[in-house]
file model.cif (mmCIF, C-alpha atoms)
data_final
loop_
_atom_site.group_PDB
_atom_site.id
_atom_site.type_symbol
_atom_site.label_atom_id
_atom_site.label_comp_id
_atom_site.auth_asym_id
_atom_site.auth_seq_id
_atom_site.Cartn_x
_atom_site.Cartn_y
_atom_site.Cartn_z
ATOM 1 C CA MET A 1 212.502 -110.944 -60.743
ATOM 2 C CA LYS A 2 208.969 -109.776 -61.503
ATOM 3 C CA ILE A 3 207.386 -111.858 -64.258
ATOM 4 C CA LEU A 4 203.971 -111.656 -65.943
ATOM 5 C CA PHE A 5 202.384 -114.469 -67.969
ATOM 6 C CA LEU A 6 199.194 -113.712 -69.921
ATOM 7 C CA GLY A 7 196.875 -116.452 -71.175
ATOM 8 C CA ASP A 8 195.621 -117.192 -74.671
ATOM 9 C CA VAL A 9 195.046 -113.970 -76.604
ATOM 10 C CA MET A 10 191.694 -114.367 -78.363
ATOM 11 C CA GLY A 11 191.004 -112.476 -81.561
ATOM 12 C CA ARG A 12 190.835 -108.723 -82.047
ATOM 13 C CA ALA A 13 189.525 -108.027 -78.543
ATOM 14 C CA GLY A 14 192.470 -109.839 -76.969
ATOM 15 C CA ARG A 15 195.006 -108.129 -79.212
ATOM 16 C CA ARG A 16 193.482 -104.747 -78.416
ATOM 17 C CA ALA A 17 193.736 -105.411 -74.681
ATOM 18 C CA ILE A 18 197.452 -106.205 -75.070
ATOM 19 C CA THR A 19 198.323 -103.287 -77.338
ATOM 20 C CA GLU A 20 196.410 -100.751 -75.213
ATOM 21 C CA ASN A 21 197.542 -101.904 -71.755
ATOM 22 C CA LEU A 22 200.705 -103.994 -71.641
ATOM 23 C CA SER A 23 203.241 -101.182 -71.994
ATOM 24 C CA ARG A 24 201.588 -99.274 -69.138
ATOM 25 C CA LEU A 25 201.446 -102.355 -66.909
ATOM 26 C CA ARG A 26 205.126 -103.088 -67.539
ATOM 27 C CA THR A 27 205.942 -99.676 -66.118
ATOM 28 C CA GLU A 28 203.408 -99.631 -63.265
ATOM 29 C CA TRP A 29 204.266 -103.143 -62.054
ATOM 30 C CA LYS A 30 208.013 -102.816 -62.774
ATOM 31 C CA LEU A 31 208.022 -106.041 -64.775
ATOM 32 C CA ASP A 32 211.316 -107.666 -65.746
ATOM 33 C CA PHE A 33 209.883 -110.199 -68.202
ATOM 34 C CA VAL A 34 206.543 -110.793 -69.943
ATOM 35 C CA VAL A 35 205.308 -113.946 -71.700
ATOM 36 C CA VAL A 36 202.096 -113.928 -73.748
ATOM 37 C CA ASN A 37 200.374 -116.982 -75.200
ATOM 38 C CA GLY A 38 199.258 -115.787 -78.621
ATOM 39 C CA GLU A 39 197.897 -118.969 -80.105
ATOM 40 C CA ASN A 40 194.367 -117.693 -80.822
ATOM 41 C CA ALA A 41 195.204 -114.065 -81.558
ATOM 42 C CA THR A 42 194.363 -114.219 -85.268
ATOM 43 C CA SER A 43 190.631 -114.812 -85.769
ATOM 44 C CA GLY A 44 190.706 -117.272 -82.875
ATOM 45 C CA MET A 45 192.809 -119.739 -84.873
ATOM 46 C CA GLY A 46 196.577 -119.408 -84.682
ATOM 47 C CA LEU A 47 198.835 -116.374 -84.911
ATOM 48 C CA SER A 48 199.879 -114.451 -88.012
ATOM 49 C CA GLY A 49 203.240 -112.760 -88.401
ATOM 50 C CA THR A 50 201.613 -109.330 -88.446
ATOM 51 C CA HIS A 51 199.738 -109.942 -85.207
ATOM 52 C CA ALA A 52 202.809 -111.519 -83.591
ATOM 53 C CA LYS A 53 204.761 -108.362 -84.329
ATOM 54 C CA ALA A 54 202.010 -106.227 -82.806
ATOM 55 C CA LEU A 55 202.054 -108.234 -79.554
ATOM 56 C CA LEU A 56 205.844 -108.063 -79.342
ATOM 57 C CA ASP A 57 205.875 -104.337 -80.091
ATOM 58 C CA ALA A 58 203.294 -103.844 -77.322
ATOM 59 C CA GLY A 59 205.728 -105.156 -74.716
ATOM 60 C CA ALA A 60 205.823 -108.965 -74.768
ATOM 61 C CA ASP A 61 209.326 -110.434 -74.446
ATOM 62 C CA CYS A 62 208.188 -113.852 -75.672
ATOM 63 C CA LEU A 63 205.132 -115.390 -77.340
ATOM 64 C CA THR A 64 204.112 -119.017 -76.858
ATOM 65 C CA LEU A 65 201.795 -120.894 -79.213
ATOM 66 C CA GLY A 66 199.952 -124.236 -78.843
ATOM 67 C CA ASP A 67 198.060 -126.829 -80.858
ATOM 68 C CA HIS A 68 196.985 -124.100 -83.325
ATOM 69 C CA ALA A 69 200.604 -122.992 -83.768
ATOM 70 C CA PHE A 70 200.605 -123.131 -87.565
ATOM 71 C CA ASP A 71 196.944 -122.578 -88.434
ATOM 72 C CA GLN A 72 198.115 -119.298 -89.980
ATOM 73 C CA LYS A 73 200.427 -120.568 -92.694
ATOM 74 C CA ASP A 74 202.739 -117.563 -92.700
ATOM 75 C CA MET A 75 203.840 -118.585 -89.189
ATOM 76 C CA LEU A 76 205.697 -121.524 -90.770
ATOM 77 C CA GLY A 77 208.219 -119.055 -92.141
ATOM 78 C CA PHE A 78 207.837 -116.192 -89.673
ATOM 79 C CA ILE A 79 208.794 -118.293 -86.654
ATOM 80 C CA GLU A 80 212.177 -119.025 -88.238
ATOM 81 C CA GLN A 81 212.860 -115.284 -88.477
ATOM 82 C CA GLU A 82 211.531 -114.335 -85.023
ATOM 83 C CA PRO A 83 213.307 -116.090 -82.119
ATOM 84 C CA ARG A 84 210.932 -114.579 -79.564
ATOM 85 C CA ILE A 85 208.174 -117.014 -80.600
ATOM 86 C CA ILE A 86 208.119 -120.459 -78.968
ATOM 87 C CA ARG A 87 206.118 -123.384 -80.381
ATOM 88 C CA PRO A 88 205.428 -126.591 -78.430
ATOM 89 C CA LEU A 89 208.440 -128.874 -77.918
ATOM 90 C CA ASN A 90 206.449 -131.972 -78.860
ATOM 91 C CA PHE A 91 204.405 -130.537 -81.738
ATOM 92 C CA SER A 92 206.267 -132.353 -84.509
ATOM 93 C CA LYS A 93 209.857 -133.305 -85.163
ATOM 94 C CA ASN A 94 209.579 -131.520 -88.527
ATOM 95 C CA ALA A 95 208.006 -128.314 -87.195
ATOM 96 C CA PRO A 96 209.937 -125.072 -87.722
ATOM 97 C CA GLY A 97 211.021 -122.933 -84.801
ATOM 98 C CA LYS A 98 212.075 -123.895 -81.291
ATOM 99 C CA GLY A 99 210.213 -125.316 -78.314
ATOM 100 C CA ALA A 100 212.533 -123.727 -75.747
ATOM 101 C CA ARG A 101 214.786 -120.709 -75.677
ATOM 102 C CA LEU A 102 216.946 -118.791 -73.193
ATOM 103 C CA PHE A 103 216.108 -115.077 -73.151
ATOM 104 C CA THR A 104 217.780 -112.074 -71.554
ATOM 105 C CA ALA A 105 215.389 -110.089 -69.354
ATOM 106 C CA GLN A 106 215.488 -106.308 -69.046
ATOM 107 C CA ASN A 107 217.509 -106.649 -65.835
ATOM 108 C CA GLY A 108 220.124 -108.746 -67.652
ATOM 109 C CA ARG A 109 219.149 -112.069 -66.064
ATOM 110 C CA LYS A 110 218.508 -115.176 -68.157
ATOM 111 C CA VAL A 111 214.988 -116.617 -68.477
ATOM 112 C CA LEU A 112 214.200 -119.988 -70.037
ATOM 113 C CA VAL A 113 210.770 -120.254 -71.666
ATOM 114 C CA THR A 114 209.480 -123.597 -72.883
ATOM 115 C CA GLN A 115 206.131 -125.101 -73.843
ATOM 116 C CA ALA A 116 204.715 -128.595 -74.237
ATOM 117 C CA LEU A 117 201.375 -129.977 -75.408
ATOM 118 C CA GLY A 118 199.421 -132.411 -73.278
ATOM 119 C CA GLN A 119 198.081 -135.745 -74.488
ATOM 120 C CA VAL A 120 194.798 -136.268 -72.600
ATOM 121 C CA PHE A 121 191.659 -135.368 -74.617
ATOM 122 C CA MET A 122 193.723 -133.634 -77.316
ATOM 123 C CA LYS A 123 192.748 -134.160 -80.950
ATOM 124 C CA ARG A 124 196.184 -135.315 -82.095
ATOM 125 C CA PRO A 125 198.450 -137.932 -80.461
ATOM 126 C CA TYR A 126 201.316 -135.660 -79.409
ATOM 127 C CA ASP A 127 204.540 -137.098 -78.009
ATOM 128 C CA ASP A 128 204.950 -137.449 -74.240
ATOM 129 C CA PRO A 129 205.385 -133.900 -72.822
ATOM 130 C CA PHE A 130 207.324 -135.124 -69.776
ATOM 131 C CA SER A 131 209.974 -136.831 -71.898
ATOM 132 C CA ALA A 132 210.151 -133.777 -74.151
ATOM 133 C CA LEU A 133 210.748 -131.413 -71.242
ATOM 134 C CA GLU A 134 213.240 -133.545 -69.325
ATOM 135 C CA PRO A 135 216.389 -132.725 -71.373
ATOM 136 C CA VAL A 136 215.458 -129.022 -71.506
ATOM 137 C CA LEU A 137 215.074 -128.709 -67.741
ATOM 138 C CA LYS A 138 218.145 -130.846 -67.110
ATOM 139 C CA SER A 139 220.331 -128.648 -69.320
ATOM 140 C CA HIS A 140 219.001 -125.401 -67.789
ATOM 141 C CA PRO A 141 219.098 -125.901 -63.999
ATOM 142 C CA LEU A 142 217.079 -123.339 -62.092
ATOM 143 C CA GLY A 143 219.318 -120.837 -60.347
ATOM 144 C CA GLY A 144 222.233 -121.801 -62.575
ATOM 145 C CA MET A 145 222.216 -121.058 -66.286
ATOM 146 C CA ALA A 146 218.651 -119.788 -65.944
ATOM 147 C CA SER A 147 217.669 -117.263 -63.278
ATOM 148 C CA ALA A 148 214.033 -118.157 -64.013
ATOM 149 C CA VAL A 149 212.318 -121.009 -65.869
ATOM 150 C CA ILE A 150 208.774 -120.718 -67.250
ATOM 151 C CA VAL A 151 206.878 -123.812 -68.431
ATOM 152 C CA ASP A 152 203.668 -123.327 -70.446
ATOM 153 C CA ILE A 153 201.738 -126.636 -70.410
ATOM 154 C CA HIS A 154 199.099 -126.384 -73.131
ATOM 155 C CA CYS A 155 196.436 -129.046 -72.683
ATOM 156 C CA GLU A 156 192.832 -129.918 -71.866
ATOM 157 C CA ALA A 157 192.983 -132.012 -68.694
ATOM 158 C CA THR A 158 193.446 -130.279 -65.349
ATOM 159 C CA SER A 159 194.901 -133.511 -63.972
ATOM 160 C CA GLU A 160 197.650 -133.540 -66.607
ATOM 161 C CA LYS A 161 198.497 -129.906 -65.897
ATOM 162 C CA MET A 162 198.666 -130.538 -62.147
ATOM 163 C CA ALA A 163 200.844 -133.605 -62.694
ATOM 164 C CA MET A 164 203.205 -131.475 -64.790
ATOM 165 C CA GLY A 165 203.343 -128.851 -62.038
ATOM 166 C CA HIS A 166 204.389 -131.391 -59.408
ATOM 167 C CA TRP A 167 206.824 -133.070 -61.808
ATOM 168 C CA CYS A 168 208.518 -129.721 -62.491
ATOM 169 C CA ASP A 169 208.420 -128.587 -58.849
ATOM 170 C CA GLY A 170 211.800 -127.197 -57.851
ATOM 171 C CA ARG A 171 213.007 -127.117 -61.455
ATOM 172 C CA ALA A 172 210.823 -124.244 -62.721
ATOM 173 C CA SER A 173 209.924 -120.810 -61.403
ATOM 174 C CA LEU A 174 206.443 -121.075 -62.925
ATOM 175 C CA VAL A 175 204.365 -123.882 -64.406
ATOM 176 C CA VAL A 176 201.203 -122.468 -65.943
ATOM 177 C CA GLY A 177 198.452 -124.118 -67.963
ATOM 178 C CA THR A 178 196.922 -122.690 -71.108
ATOM 179 C CA HIS A 179 194.388 -123.823 -73.756
ATOM 180 C CA THR A 180 190.995 -124.037 -71.999
ATOM 181 C CA HIS A 181 190.398 -120.245 -71.889
ATOM 182 C CA VAL A 182 188.942 -120.450 -68.368
ATOM 183 C CA PRO A 183 191.076 -119.082 -65.488
ATOM 184 C CA THR A 184 191.416 -121.284 -62.434
ATOM 185 C CA SER A 185 191.683 -120.132 -58.813
ATOM 186 C CA ASP A 186 194.474 -122.442 -57.626
ATOM 187 C CA ALA A 187 197.516 -120.167 -57.893
ATOM 188 C CA MET A 188 200.054 -121.449 -55.350
ATOM 189 C CA ILE A 189 203.692 -122.101 -54.633
ATOM 190 C CA LEU A 190 204.384 -125.833 -54.639
ATOM 191 C CA PRO A 191 206.446 -127.521 -51.864
ATOM 192 C CA LYS A 192 209.790 -127.262 -53.672
ATOM 193 C CA GLY A 193 209.326 -123.655 -54.756
ATOM 194 C CA SER A 194 207.637 -123.609 -58.176
ATOM 195 C CA GLY A 195 204.770 -121.219 -58.785
ATOM 196 C CA TYR A 196 201.770 -123.007 -60.266
ATOM 197 C CA LEU A 197 198.399 -122.188 -61.879
ATOM 198 C CA THR A 198 196.260 -124.804 -63.663
ATOM 199 C CA ASP A 199 195.042 -122.357 -66.306
ATOM 200 C CA ALA A 200 195.849 -118.713 -66.966
ATOM 201 C CA GLY A 201 192.555 -118.172 -68.767
ATOM 202 C CA MET A 202 192.248 -116.134 -71.947
ATOM 203 C CA THR A 203 192.945 -112.538 -72.761
ATOM 204 C CA GLY A 204 189.667 -111.995 -74.541
ATOM 205 C CA ASP A 205 185.979 -111.141 -74.266
ATOM 206 C CA TYR A 206 184.369 -113.290 -71.546
ATOM 207 C CA ASN A 207 180.835 -112.405 -72.711
ATOM 208 C CA SER A 208 181.216 -115.385 -75.025
ATOM 209 C CA VAL A 209 181.671 -119.140 -75.209
ATOM 210 C CA ILE A 210 185.412 -119.469 -74.489
ATOM 211 C CA GLY A 211 186.020 -116.381 -76.595
ATOM 212 C CA MET A 212 183.629 -117.036 -79.462
ATOM 213 C CA GLU A 213 180.424 -115.132 -80.234
ATOM 214 C CA LYS A 214 177.667 -117.062 -78.447
ATOM 215 C CA THR A 215 175.136 -117.642 -81.243
ATOM 216 C CA GLU A 216 176.879 -120.378 -83.223
ATOM 217 C CA PRO A 217 178.244 -122.396 -80.266
ATOM 218 C CA LEU A 218 174.781 -122.309 -78.636
ATOM 219 C CA ARG A 219 173.145 -123.465 -81.874
ATOM 220 C CA ARG A 220 175.524 -126.405 -82.127
ATOM 221 C CA PHE A 221 175.013 -127.424 -78.493
ATOM 222 C CA VAL A 222 171.217 -127.199 -78.760
ATOM 223 C CA THR A 223 170.679 -128.677 -82.245
ATOM 224 C CA GLY A 224 173.861 -130.636 -82.888
ATOM 225 C CA MET A 225 174.112 -128.938 -86.298
ATOM 226 C CA PRO A 226 176.548 -126.244 -87.495
ATOM 227 C CA LYS A 227 175.366 -123.317 -89.587
ATOM 228 C CA ASP A 228 178.054 -120.641 -89.522
ATOM 229 C CA ARG A 229 181.732 -120.336 -88.681
ATOM 230 C CA PHE A 230 182.832 -119.505 -85.165
ATOM 231 C CA THR A 231 183.679 -115.798 -84.790
ATOM 232 C CA PRO A 232 185.659 -114.296 -81.891
ATOM 233 C CA ALA A 233 183.635 -112.074 -79.554
ATOM 234 C CA ASN A 234 184.755 -108.467 -79.753
ATOM 235 C CA GLU A 235 183.596 -106.568 -76.675
ATOM 236 C CA GLU A 236 185.989 -105.402 -73.944
ATOM 237 C CA ALA A 237 188.530 -108.085 -73.093
ATOM 238 C CA THR A 238 189.971 -109.129 -69.757
ATOM 239 C CA LEU A 239 193.747 -109.424 -69.521
ATOM 240 C CA SER A 240 194.020 -112.757 -67.716
ATOM 241 C CA GLY A 241 197.125 -114.495 -66.425
ATOM 242 C CA VAL A 242 199.496 -114.755 -63.500
ATOM 243 C CA TYR A 243 202.218 -112.657 -61.874
ATOM 244 C CA ILE A 244 205.149 -114.119 -59.951
ATOM 245 C CA GLU A 245 208.134 -112.811 -58.080
ATOM 246 C CA THR A 246 211.248 -114.978 -57.877
ATOM 247 C CA ASP A 247 214.275 -115.204 -55.625
ATOM 248 C CA ASP A 248 217.326 -113.885 -57.501
ATOM 249 C CA ARG A 249 219.621 -116.609 -56.199
ATOM 250 C CA SER A 250 217.493 -119.775 -56.427
ATOM 251 C CA GLY A 251 215.034 -118.768 -59.158
ATOM 252 C CA LYS A 252 212.169 -120.162 -57.096
ATOM 253 C CA ALA A 253 208.861 -118.343 -56.700
ATOM 254 C CA THR A 254 208.399 -116.189 -53.628
ATOM 255 C CA ARG A 255 204.989 -114.747 -54.553
ATOM 256 C CA ILE A 256 202.227 -115.603 -57.029
ATOM 257 C CA VAL A 257 199.083 -113.608 -57.859
ATOM 258 C CA PRO A 258 196.361 -114.263 -60.485
ATOM 259 C CA ILE A 259 195.910 -111.290 -62.848
ATOM 260 C CA ARG A 260 192.556 -109.981 -64.134
ATOM 261 C CA GLN A 261 192.471 -106.522 -65.730
ATOM 262 C CA GLY A 262 189.511 -104.989 -67.566
ATOM 263 C CA GLY A 263 186.437 -106.669 -68.985
ATOM 264 C CA LYS A 264 183.870 -108.622 -66.971
ATOM 265 C CA LEU A 265 185.911 -110.684 -64.509
ATOM 266 C CA GLN A 266 186.617 -109.664 -60.930
ATOM 267 C CA GLN A 267 189.771 -107.554 -61.004
ATOM 268 C CA SER A 268 193.089 -108.669 -59.563
ATOM 269 C CA ALA A 269 196.574 -107.116 -59.660
ATOM 270 C CA PRO A 270 199.950 -107.651 -57.938
#

call {"tool": "encode", "arguments": {"input": "model.cif", "output": "C-alpha cells"}}
result
Amino acid sequence: MKILFLGDVMGRAGRRAITENLSRLRTEWKLDFVVVNGENATSGMGLSGTHAKALLDAGADCLTLGDHAFDQKDMLGFIEQEPRIIRPLNFSKNAPGKGARLFTAQNGRKVLVTQALGQVFMKRPYDDPFSALEPVLKSHPLGGMASAVIVDIHCEATSEKMAMGHWCDGRASLVVGTHTHVPTSDAMILPKGSGYLTDAGMTGDYNSVIGMEKTEPLRRFVTGMPKDRFTPANEEATLSGVYIETDDRSGKATRIVPIRQGGKLQQSAP
C-alpha cells in the first residue's frame, strides 16, 4: 500500500494547502490511503465540523485530532456523526467519538488508524498512552485483520515519541509524532518493520512561530506580557508529513520518505 500522513493543519493557510493540492497528489502519487491531523485547522485551535468536511472532501480518508480535539464545541456532536474523525484514545473516558477505527482503503484493504496523547510536558494528566494502545493493537494484529496500522502519537517530548515507536515496532506500519509543528529528520524503518518519524511537522505557514503570526509570540517571549490573541500566519503553507509503502502480506513498511510540498521548507516527495 501507498500511504500518506500529513501533520497538524494550521489555520486557513494549512486548510488551503490541503484543499488545493491533496486531490492532485493522491492521483500523482497513486495513494491508497491518506491521514491528516486536523487539530489546529480552525483558527489554530481545534477543528470545526465545517472545516473537517472540507478536509475530507479534499481527499483525506481519515482525520486525527489531539489535545485541542474539542476546542471547537460543535466537534462534540459532529464527531459522533462522522466516523472518519479519530480523537485520542486516552483523552477522556467520557469523550465522544472513537480513538481507533478500522477503515477500508481505496484498494479494498483494511487500515487501522489510532491516536494517543503523551504525558510528558503536557498540560493535562492524560492516561498512560501505552496501556490505552495495547488492547487496540492486540485486537488488530498487523498483517491479519489490518493490512496496515497507523499510530499517531500526539505529544511534546521526543523521547516519549521514540519510546512509543520502539514499543509499537512490528505491530504498526507507521508510528508518527504530531503536536510540536516542527518536522524532524529521523524518518526510518525500525528493526521489526515499523516506519517511524518523531514529528510530521505542520501543514501551515513556516514564516511564523509554530504557525502563529510572529508579533505576539515575540512580544511575550521578550516582555513576558501578553497583549493580543495568537493569530495563525496566512502566507503560503508547506504540506508536511510522511509517505510510506507497505508490504501487502505483512503490513510492515518497506519504504519511508518525509514529505515537504510548497511553502518555505526544502521540498521532498516520494

call {"tool": "residues_near_point", "arguments": {"input": "model.cif", "point": "(197.3, -132.3, -66.5)", "cutoff": "12 Å", "atoms": "all atoms listed in the file", "output": "PyMOL selection string"}}
result
chain A and resi 116-122+129-130+152-167+175-180+197-199

call {"tool": "residues_near_point", "arguments": {"input": "model.cif", "point": "(193.0, -113.5, -65.0)", "cutoff": "9 Å", "atoms": "only C-alpha atoms", "output": "VMD selection string"}}
result
chain A and resid 6 to 7 182 to 184 200 to 203 238 to 242 258 to 261 265 to 268

call {"tool": "closest_residue", "arguments": {"input": "model.cif", "among": "A:Asp186, A:Asp74, A:Asp67, A:Glu245", "to": "Trp29 of chain A", "atoms": "only C-alpha atoms"}}
result
A:Glu245

call {"tool": "closest_residue", "arguments": {"input": "model.cif", "among": "A:Lys30, A:Lys214, A:Arg171, A:His181", "to": "Phe230 of chain A", "atoms": "only C-alpha atoms"}}
result
A:Lys214

call {"tool": "atom_distance", "arguments": {"input": "model.cif", "atom1": "atom CA of Asn234 of chain A", "atom2": "atom CA of His68 of chain A"}}
result
20.2 Å

call {"tool": "resolve_selection", "arguments": {"input": "model.cif", "expression": "the PyMOL selection byres ((chain A and resi 10) around 8)", "output": "PyMOL selection string"}}
result
chain A and resi 8-9+11-15+38-44+202-205+211+232

call {"tool": "closest_residue", "arguments": {"input": "model.cif", "among": "A:Ser194, A:Ser92, A:Thr215, A:Thr104", "to": "Met145 of chain A", "atoms": "only C-alpha atoms"}}
result
A:Thr104
